[in-house]
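*Asks:* Here you go, this is final06.cif (mmCIF, C-alpha atoms).
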data_model
#
loop_
_atom_site.group_PDB
_atom_site.id
_atom_site.type_symbol
_atom_site.label_atom_id
_atom_site.label_comp_id
_atom_site.auth_asym_id
_atom_site.auth_seq_id
_atom_site.Cartn_x
_atom_site.Cartn_y
_atom_site.Cartn_z
ATOM 1 C CA MET A 1 -32.745 -68.048 -44.286
ATOM 2 C CA ARG A 2 -29.295 -68.561 -42.819
ATOM 3 C CA THR A 3 -27.826 -71.813 -41.547
ATOM 4 C CA PRO A 4 -28.562 -72.365 -37.838
ATOM 5 C CA ILE A 5 -25.760 -71.389 -35.492
ATOM 6 C CA LEU A 6 -26.566 -73.818 -32.697
ATOM 7 C CA ASP A 7 -26.612 -77.591 -32.867
ATOM 8 C CA LEU A 8 -27.507 -78.762 -29.367
ATOM 9 C CA LYS A 9 -25.928 -82.160 -30.015
ATOM 10 C CA ILE A 10 -22.560 -80.361 -29.920
ATOM 11 C CA PRO A 11 -21.435 -80.278 -26.255
ATOM 12 C CA GLU A 12 -20.353 -76.611 -26.228
ATOM 13 C CA HIS A 13 -23.617 -75.503 -27.839
ATOM 14 C CA ALA A 14 -25.681 -77.553 -25.372
ATOM 15 C CA TYR A 15 -23.713 -76.092 -22.432
ATOM 16 C CA PHE A 16 -24.250 -72.564 -23.754
ATOM 17 C CA PHE A 17 -27.980 -73.125 -24.162
ATOM 18 C CA GLY A 18 -28.417 -74.642 -20.687
ATOM 19 C CA PHE A 19 -26.492 -71.731 -19.183
ATOM 20 C CA VAL A 20 -28.481 -68.987 -20.927
ATOM 21 C CA GLN A 21 -31.808 -70.705 -20.292
ATOM 22 C CA ALA A 22 -31.013 -70.809 -16.583
ATOM 23 C CA ASP A 23 -29.371 -67.401 -16.172
ATOM 24 C CA GLY A 24 -30.130 -65.381 -19.299
ATOM 25 C CA HIS A 25 -32.973 -63.189 -20.416
ATOM 26 C CA LEU A 26 -34.382 -62.664 -23.887
ATOM 27 C CA LEU A 27 -35.439 -59.025 -23.998
ATOM 28 C CA GLY A 28 -37.789 -57.429 -26.462
ATOM 29 C CA ASN A 29 -39.184 -59.316 -29.397
ATOM 30 C CA SER A 30 -37.409 -61.556 -31.879
ATOM 31 C CA GLU A 31 -39.255 -59.714 -34.665
ATOM 32 C CA ALA A 32 -37.986 -56.279 -33.568
ATOM 33 C CA LYS A 33 -35.392 -54.738 -31.292
ATOM 34 C CA GLY A 34 -34.146 -56.789 -28.392
ATOM 35 C CA ALA A 35 -31.229 -58.748 -26.992
ATOM 36 C CA LEU A 36 -30.138 -61.894 -25.271
ATOM 37 C CA SER A 37 -28.702 -60.624 -21.988
ATOM 38 C CA VAL A 38 -26.817 -62.600 -19.340
ATOM 39 C CA GLU A 39 -25.319 -61.147 -16.148
ATOM 40 C CA ILE A 40 -22.872 -62.998 -13.903
ATOM 41 C CA ALA A 41 -20.208 -62.195 -11.319
ATOM 42 C CA ASP A 42 -17.304 -60.294 -12.841
ATOM 43 C CA ARG A 43 -14.862 -63.022 -11.717
ATOM 44 C CA ASP A 44 -16.638 -65.429 -14.123
ATOM 45 C CA ALA A 45 -16.568 -63.126 -17.190
ATOM 46 C CA HIS A 46 -14.199 -65.546 -18.952
ATOM 47 C CA ILE A 47 -17.305 -67.663 -19.647
ATOM 48 C CA PHE A 48 -18.587 -64.881 -21.891
ATOM 49 C CA GLU A 49 -15.309 -64.787 -23.788
ATOM 50 C CA THR A 50 -15.766 -68.481 -24.509
ATOM 51 C CA PHE A 51 -19.364 -67.909 -25.650
ATOM 52 C CA ALA A 52 -18.262 -65.039 -27.909
ATOM 53 C CA SER A 53 -15.574 -67.205 -29.537
ATOM 54 C CA LEU A 54 -18.060 -70.059 -29.996
ATOM 55 C CA LEU A 55 -20.798 -68.054 -31.705
ATOM 56 C CA PRO A 56 -20.348 -66.206 -34.999
ATOM 57 C CA VAL A 57 -22.512 -63.258 -33.937
ATOM 58 C CA ALA A 58 -21.582 -59.810 -32.696
ATOM 59 C CA SER A 59 -21.811 -59.426 -28.934
ATOM 60 C CA HIS A 60 -21.044 -56.828 -26.304
ATOM 61 C CA LEU A 61 -19.560 -57.195 -22.816
ATOM 62 C CA SER A 62 -19.990 -54.565 -20.109
ATOM 63 C CA ASN A 63 -19.196 -54.372 -16.411
ATOM 64 C CA ARG A 64 -20.818 -52.598 -13.495
ATOM 65 C CA THR A 65 -20.568 -52.275 -9.728
ATOM 66 C CA ARG A 66 -23.707 -51.989 -7.606
ATOM 67 C CA ASP A 67 -25.113 -52.789 -4.200
ATOM 68 C CA THR A 68 -27.404 -55.835 -4.068
ATOM 69 C CA ASN A 69 -29.498 -57.445 -1.336
ATOM 70 C CA PHE A 70 -26.554 -59.762 -0.702
ATOM 71 C CA LYS A 71 -23.413 -57.689 -1.186
ATOM 72 C CA LYS A 72 -22.163 -54.118 -1.279
ATOM 73 C CA ASN A 73 -20.093 -53.132 -4.341
ATOM 74 C CA TYR A 74 -20.995 -56.302 -6.253
ATOM 75 C CA ARG A 75 -19.074 -56.396 -9.551
ATOM 76 C CA SER A 76 -20.831 -58.059 -12.470
ATOM 77 C CA ALA A 77 -20.324 -58.618 -16.168
ATOM 78 C CA THR A 78 -23.178 -58.489 -18.674
ATOM 79 C CA TRP A 79 -22.988 -60.086 -22.116
ATOM 80 C CA ARG A 80 -25.485 -59.088 -24.814
ATOM 81 C CA VAL A 81 -26.267 -60.357 -28.288
ATOM 82 C CA HIS A 82 -28.601 -58.227 -30.430
ATOM 83 C CA ASP A 83 -28.493 -60.321 -33.628
ATOM 84 C CA GLN A 84 -32.138 -60.809 -34.597
ATOM 85 C CA ALA A 85 -31.709 -64.107 -36.459
ATOM 86 C CA PHE A 86 -29.804 -65.579 -33.515
ATOM 87 C CA ARG A 87 -32.509 -64.431 -31.087
ATOM 88 C CA ARG A 88 -35.145 -66.085 -33.288
ATOM 89 C CA GLU A 89 -33.089 -69.276 -33.315
ATOM 90 C CA ILE A 90 -32.719 -69.530 -29.542
ATOM 91 C CA GLU A 91 -36.400 -68.712 -29.118
ATOM 92 C CA THR A 92 -37.246 -71.587 -31.483
ATOM 93 C CA LEU A 93 -35.001 -73.897 -29.429
ATOM 94 C CA GLY A 94 -36.918 -73.034 -26.262
ATOM 95 C CA MET A 95 -35.639 -69.755 -24.810
ATOM 96 C CA PRO A 96 -38.790 -67.827 -23.875
ATOM 97 C CA ILE A 97 -38.999 -64.081 -24.393
ATOM 98 C CA GLY A 98 -39.429 -62.069 -21.217
ATOM 99 C CA ASP A 99 -40.262 -63.589 -17.861
ATOM 100 C CA LYS A 100 -39.262 -67.222 -18.238
ATOM 101 C CA HIS A 101 -38.754 -68.485 -14.724
ATOM 102 C CA ASP A 102 -41.758 -70.822 -14.600
ATOM 103 C CA VAL A 103 -42.191 -71.652 -18.297
ATOM 104 C CA VAL A 104 -38.656 -72.530 -19.402
ATOM 105 C CA ALA A 105 -38.210 -76.186 -20.384
ATOM 106 C CA PRO A 106 -35.473 -78.486 -21.656
ATOM 107 C CA PRO A 107 -35.086 -78.408 -25.442
ATOM 108 C CA SER A 108 -37.557 -80.409 -27.505
ATOM 109 C CA VAL A 109 -34.862 -81.178 -30.105
ATOM 110 C CA PRO A 110 -32.089 -83.760 -29.595
ATOM 111 C CA PHE A 111 -29.392 -82.344 -27.308
ATOM 112 C CA SER A 112 -26.288 -83.361 -25.387
ATOM 113 C CA GLU A 113 -27.895 -83.891 -21.984
ATOM 114 C CA PRO A 114 -24.768 -83.936 -19.793
ATOM 115 C CA ASP A 115 -23.545 -80.680 -21.296
ATOM 116 C CA TYR A 116 -26.936 -78.974 -21.265
ATOM 117 C CA TRP A 117 -27.499 -79.809 -17.589
ATOM 118 C CA ARG A 118 -23.918 -78.831 -16.705
ATOM 119 C CA GLY A 119 -24.626 -75.393 -18.195
ATOM 120 C CA ALA A 120 -27.897 -75.077 -16.275
ATOM 121 C CA VAL A 121 -26.248 -76.146 -13.007
ATOM 122 C CA ASP A 122 -23.275 -73.815 -13.556
ATOM 123 C CA ALA A 123 -25.738 -70.948 -13.976
ATOM 124 C CA ASN A 124 -28.382 -71.811 -11.372
ATOM 125 C CA GLY A 125 -27.251 -74.736 -9.295
ATOM 126 C CA SER A 126 -24.539 -76.078 -7.083
ATOM 127 C CA LEU A 127 -22.213 -78.996 -6.530
ATOM 128 C CA GLY A 128 -20.962 -79.718 -3.059
ATOM 129 C CA LEU A 129 -20.783 -81.926 -0.013
ATOM 130 C CA SER A 130 -23.506 -82.323 2.569
ATOM 131 C CA ARG A 131 -22.975 -81.795 6.256
ATOM 132 C CA LYS A 132 -21.837 -84.848 8.146
ATOM 133 C CA SER A 133 -24.913 -86.893 9.064
ATOM 134 C CA ALA A 134 -25.513 -88.465 12.486
ATOM 135 C CA ASP A 135 -23.774 -91.632 11.253
ATOM 136 C CA GLY A 136 -20.715 -89.618 10.165
ATOM 137 C CA ILE A 137 -21.332 -89.807 6.411
ATOM 138 C CA VAL A 138 -20.722 -86.870 4.089
ATOM 139 C CA LYS A 139 -22.445 -87.195 0.717
ATOM 140 C CA PRO A 140 -21.903 -85.276 -2.507
ATOM 141 C CA PHE A 141 -24.839 -83.386 -3.979
ATOM 142 C CA LEU A 142 -25.744 -81.788 -7.270
ATOM 143 C CA SER A 143 -28.637 -79.347 -7.271
ATOM 144 C CA LEU A 144 -30.533 -77.073 -9.597
ATOM 145 C CA ALA A 145 -32.775 -74.236 -8.431
ATOM 146 C CA THR A 146 -35.691 -73.547 -10.765
ATOM 147 C CA ALA A 147 -39.249 -72.219 -10.718
ATOM 148 C CA SER A 148 -40.091 -74.376 -13.748
ATOM 149 C CA ASN A 149 -41.819 -77.706 -13.204
ATOM 150 C CA GLN A 150 -40.560 -78.837 -16.647
ATOM 151 C CA MET A 151 -36.935 -78.105 -15.710
ATOM 152 C CA ALA A 152 -37.299 -79.835 -12.332
ATOM 153 C CA ASP A 153 -38.803 -82.941 -13.968
ATOM 154 C CA GLY A 154 -36.172 -82.929 -16.735
ATOM 155 C CA PHE A 155 -33.312 -82.651 -14.234
ATOM 156 C CA CYS A 156 -34.742 -85.475 -12.089
ATOM 157 C CA ALA A 157 -35.082 -87.666 -15.208
ATOM 158 C CA PHE A 158 -31.474 -86.884 -16.122
ATOM 159 C CA GLU A 159 -30.318 -87.777 -12.589
ATOM 160 C CA PHE A 160 -32.190 -91.085 -12.863
ATOM 161 C CA THR A 161 -30.012 -92.133 -15.813
ATOM 162 C CA PHE A 162 -27.025 -92.166 -13.418
ATOM 163 C CA THR A 163 -28.472 -93.065 -10.026
ATOM 164 C CA LYS A 164 -31.353 -95.333 -11.107
ATOM 165 C CA LYS A 165 -33.264 -93.743 -8.235
ATOM 166 C CA THR A 166 -36.488 -91.880 -8.813
ATOM 167 C CA LYS A 167 -36.436 -88.499 -7.158
ATOM 168 C CA LYS A 168 -39.582 -86.429 -7.041
ATOM 169 C CA VAL A 169 -39.223 -82.992 -5.556
ATOM 170 C CA ASN A 170 -41.879 -80.466 -4.689
ATOM 171 C CA PRO A 171 -41.546 -76.708 -4.730
ATOM 172 C CA ASN A 172 -40.483 -75.241 -1.394
ATOM 173 C CA SER A 173 -43.036 -73.358 0.672
ATOM 174 C CA ARG A 174 -40.933 -70.185 0.967
ATOM 175 C CA ASP A 175 -40.855 -69.096 -2.703
ATOM 176 C CA GLY A 176 -42.329 -71.967 -4.713
ATOM 177 C CA ILE A 177 -39.129 -73.102 -6.429
ATOM 178 C CA TRP A 178 -37.669 -76.586 -6.803
ATOM 179 C CA ASN A 179 -34.228 -77.462 -5.452
#
As structure tokens, how would this structure be written, given the file I've shared?
*Replies:*
Amino acid sequence: MRTPILDLKIPEHAYFFGFVQADGHLLGNSEAKGALSVEIADRDAHIFETFASLLPVASHLSNRTRDTNFKKNYRSATWRVHDQAFRREIETLGMPIGDKHDVVAPPSVPFSEPDYWRGAVDANGSLGLSRKSADGIVKPFLSLATASNQMADGFCAFEFTFTKKTKKVNPNSRDGIWN
């Protein structure tokens, strides 16, 4: 058995894992053929270069242009890792195989929380400013979109460590996800 590649107490590893849990997909089976696959906008492909330099496993980067529901001629970059031992490792850390949207959860091992959540938000969230309220106040916001109750609860618990305010969110009525 080889030495683990990821130590989620290391900030860069925690960021990577949060990012791929939120925006990646583990295809196939960790006992057979398969891949970790992540697709993002082509303009952000430099993130994959950082991941490739961080991880001592072979990976492949490809690009494509396609029409989506949101944009014509959308250019994306896809990063894939086929290494079986690495896929087993990230599965053990909590990256589900296949459809993960409602079962993914924060790691059960010690991890760098700020970096993990930064990765998840970079992949599936947003940081911004609210519209001006009736009293003229503009407030910053940090959000994460997820279909996983465990991720929503984990993110709210993480927010509590900074705000000391308990936030309980419910899934929206449109598509059943938490924001």
*Asks:* Pick out the residues sitting within 8 Å of Glu12 (chain A), and hand them over as a list of chain:residue names; count only C-alpha atoms, and ignore anything fewer than 4 positions along from it in its own chain.
*Replies:*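 My list of contacting residues is A:Phe16, A:Leu54, A:Asp115.
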*Asks:* So for region 6-9 of chain A, what box centre and size do we get, axis-aligned, 5 Å extra on each of the six sides, every listed atom, Å to one decimal, as AutoDock Vina command-line options?
*Replies:*
--center_x -26.7 --center_y -78.0 --center_z -31.1 --size_x 11.6 --size_y 18.3 --size_z 13.5
*Asks:* What's around Arg118 (chain A) at 10 Å? Count all atoms listed in the file, leave out sequence neighbours fewer than 6 positions away in its own chain, and write the answer as a PyMOL selection string.
*Replies:* chain A and resi 11+14-16+18-19+124-125+144
*Asks:* Taking into account all atoms listed in the file, which residue in the set A:Thr163, A:Asn179, A:Asn69, A:Thr78 is nearest to Ala41 (chain A)?
*Replies:*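 The answer is A:Thr78, which sits nearest to Ala41 (chain A).
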*Asks:* Calculated over all atoms listed in the file, which of the candidates A:Leu127, A:Pro56, A:Ala35, A:Asp83 has the smallest distance to Lys139 (chain A)?
*Replies:*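 Answer, going by the shortest atom-to-atom distance: A:Leu127.
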*Asks:* Please list as a list in words every residue within 9 Å of Asp99 (chain A), counting all atoms listed in the file and excluding residues in the same chain fewer than 4 positions away.
*Replies:*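 Once the adjacent positions are removed, what remains is His25, Leu26 and Val103 of chain A.
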*Asks:* If you apply the PyMOL selection byres ((chain A and resi 107-111) around 6) to this file, what residues do you get, as number ranges by chain?
*Replies:* A: 8-9, 94, 106, 112-113
*Asks:* May I ask for the distance between CA of Ser126 (chain A) and CA of Asp153 (chain A), given in Å to one decimal place?
*Replies:*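 Answer for the CA of Ser126 (chain A) to CA of Asp153 (chain A) separation: 17.3 Å.
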*Asks:* Return as a PDB file with C-alpha atoms, in the coordinates of the input the set of residues that the PyMOL selection byres ((chain A and resi 85) around 12) yields on the displayed structure.
*Replies:*
ATOM      1  CA  MET A   1     -32.745 -68.048 -44.286  1.00  0.00           C
ATOM      2  CA  ARG A   2     -29.295 -68.561 -42.819  1.00  0.00           C
ATOM      3  CA  THR A   3     -27.826 -71.813 -41.547  1.00  0.00           C
ATOM      4  CA  PRO A   4     -28.562 -72.365 -37.838  1.00  0.00           C
ATOM      5  CA  ILE A   5     -25.760 -71.389 -35.492  1.00  0.00           C
ATOM      6  CA  LEU A   6     -26.566 -73.818 -32.697  1.00  0.00           C
ATOM      7  CA  ASN A  29     -39.184 -59.316 -29.397  1.00  0.00           C
ATOM      8  CA  SER A  30     -37.409 -61.556 -31.879  1.00  0.00           C
ATOM      9  CA  GLU A  31     -39.255 -59.714 -34.665  1.00  0.00           C
ATOM     10  CA  ALA A  32     -37.986 -56.279 -33.568  1.00  0.00           C
ATOM     11  CA  LYS A  33     -35.392 -54.738 -31.292  1.00  0.00           C
ATOM     12  CA  GLY A  34     -34.146 -56.789 -28.392  1.00  0.00           C
ATOM     13  CA  ALA A  35     -31.229 -58.748 -26.992  1.00  0.00           C
ATOM     14  CA  LEU A  36     -30.138 -61.894 -25.271  1.00  0.00           C
ATOM     15  CA  PRO A  56     -20.348 -66.206 -34.999  1.00  0.00           C
ATOM     16  CA  VAL A  57     -22.512 -63.258 -33.937  1.00  0.00           C
ATOM     17  CA  ALA A  58     -21.582 -59.810 -32.696  1.00  0.00           C
ATOM     18  CA  VAL A  81     -26.267 -60.357 -28.288  1.00  0.00           C
ATOM     19  CA  HIS A  82     -28.601 -58.227 -30.430  1.00  0.00           C
ATOM     20  CA  ASP A  83     -28.493 -60.321 -33.628  1.00  0.00           C
ATOM     21  CA  GLN A  84     -32.138 -60.809 -34.597  1.00  0.00           C
ATOM     22  CA  PHE A  86     -29.804 -65.579 -33.515  1.00  0.00           C
ATOM     23  CA  ARG A  87     -32.509 -64.431 -31.087  1.00  0.00           C
ATOM     24  CA  ARG A  88     -35.145 -66.085 -33.288  1.00  0.00           C
ATOM     25  CA  GLU A  89     -33.089 -69.276 -33.315  1.00  0.00           C
ATOM     26  CA  ILE A  90     -32.719 -69.530 -29.542  1.00  0.00           C
ATOM     27  CA  GLU A  91     -36.400 -68.712 -29.118  1.00  0.00           C
ATOM     28  CA  THR A  92     -37.246 -71.587 -31.483  1.00  0.00           C
TER      29      THR A  92
END
*Asks:* For CA of Gln150 (chain A) and CA of Val104 (chain A), quote the distance in Å rounded to one decimal.
*Replies:*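 CA of Val104 (chain A) lies at a distance of 7.1 Å from CA of Gln150 (chain A).
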*Asks:* Here is a test: counting only C-alpha atoms, which residue of A:Thr166, A:Asp7, A:Gly136, A:Phe17 is nearest to Phe51 (chain A)?
*Replies:*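 Among the listed residues, A:Phe17 lies closest to Phe51 (chain A).
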*Asks:* With all atoms listed in the file as the counted atoms, please give the residues lying no more than 12 Å from His46 (chain A), apart from itself and same-chain residues fewer than 4 positions off, as a PDB file with C-alpha atoms, in the coordinates of the input.
*Replies:*
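The file below, part_29.pdb, is the result:
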ATOM      1  CA  ILE A  40     -22.872 -62.998 -13.903  1.00  0.00           C
ATOM      2  CA  ALA A  41     -20.208 -62.195 -11.319  1.00  0.00           C
ATOM      3  CA  ASP A  42     -17.304 -60.294 -12.841  1.00  0.00           C
ATOM      4  CA  THR A  50     -15.766 -68.481 -24.509  1.00  0.00           C
ATOM      5  CA  PHE A  51     -19.364 -67.909 -25.650  1.00  0.00           C
ATOM      6  CA  ALA A  52     -18.262 -65.039 -27.909  1.00  0.00           C
ATOM      7  CA  SER A  53     -15.574 -67.205 -29.537  1.00  0.00           C
ATOM      8  CA  LEU A  61     -19.560 -57.195 -22.816  1.00  0.00           C
ATOM      9  CA  SER A  76     -20.831 -58.059 -12.470  1.00  0.00           C
ATOM     10  CA  ALA A  77     -20.324 -58.618 -16.168  1.00  0.00           C
ATOM     11  CA  THR A  78     -23.178 -58.489 -18.674  1.00  0.00           C
ATOM     12  CA  TRP A  79     -22.988 -60.086 -22.116  1.00  0.00           C
TER      13      TRP A  79
END
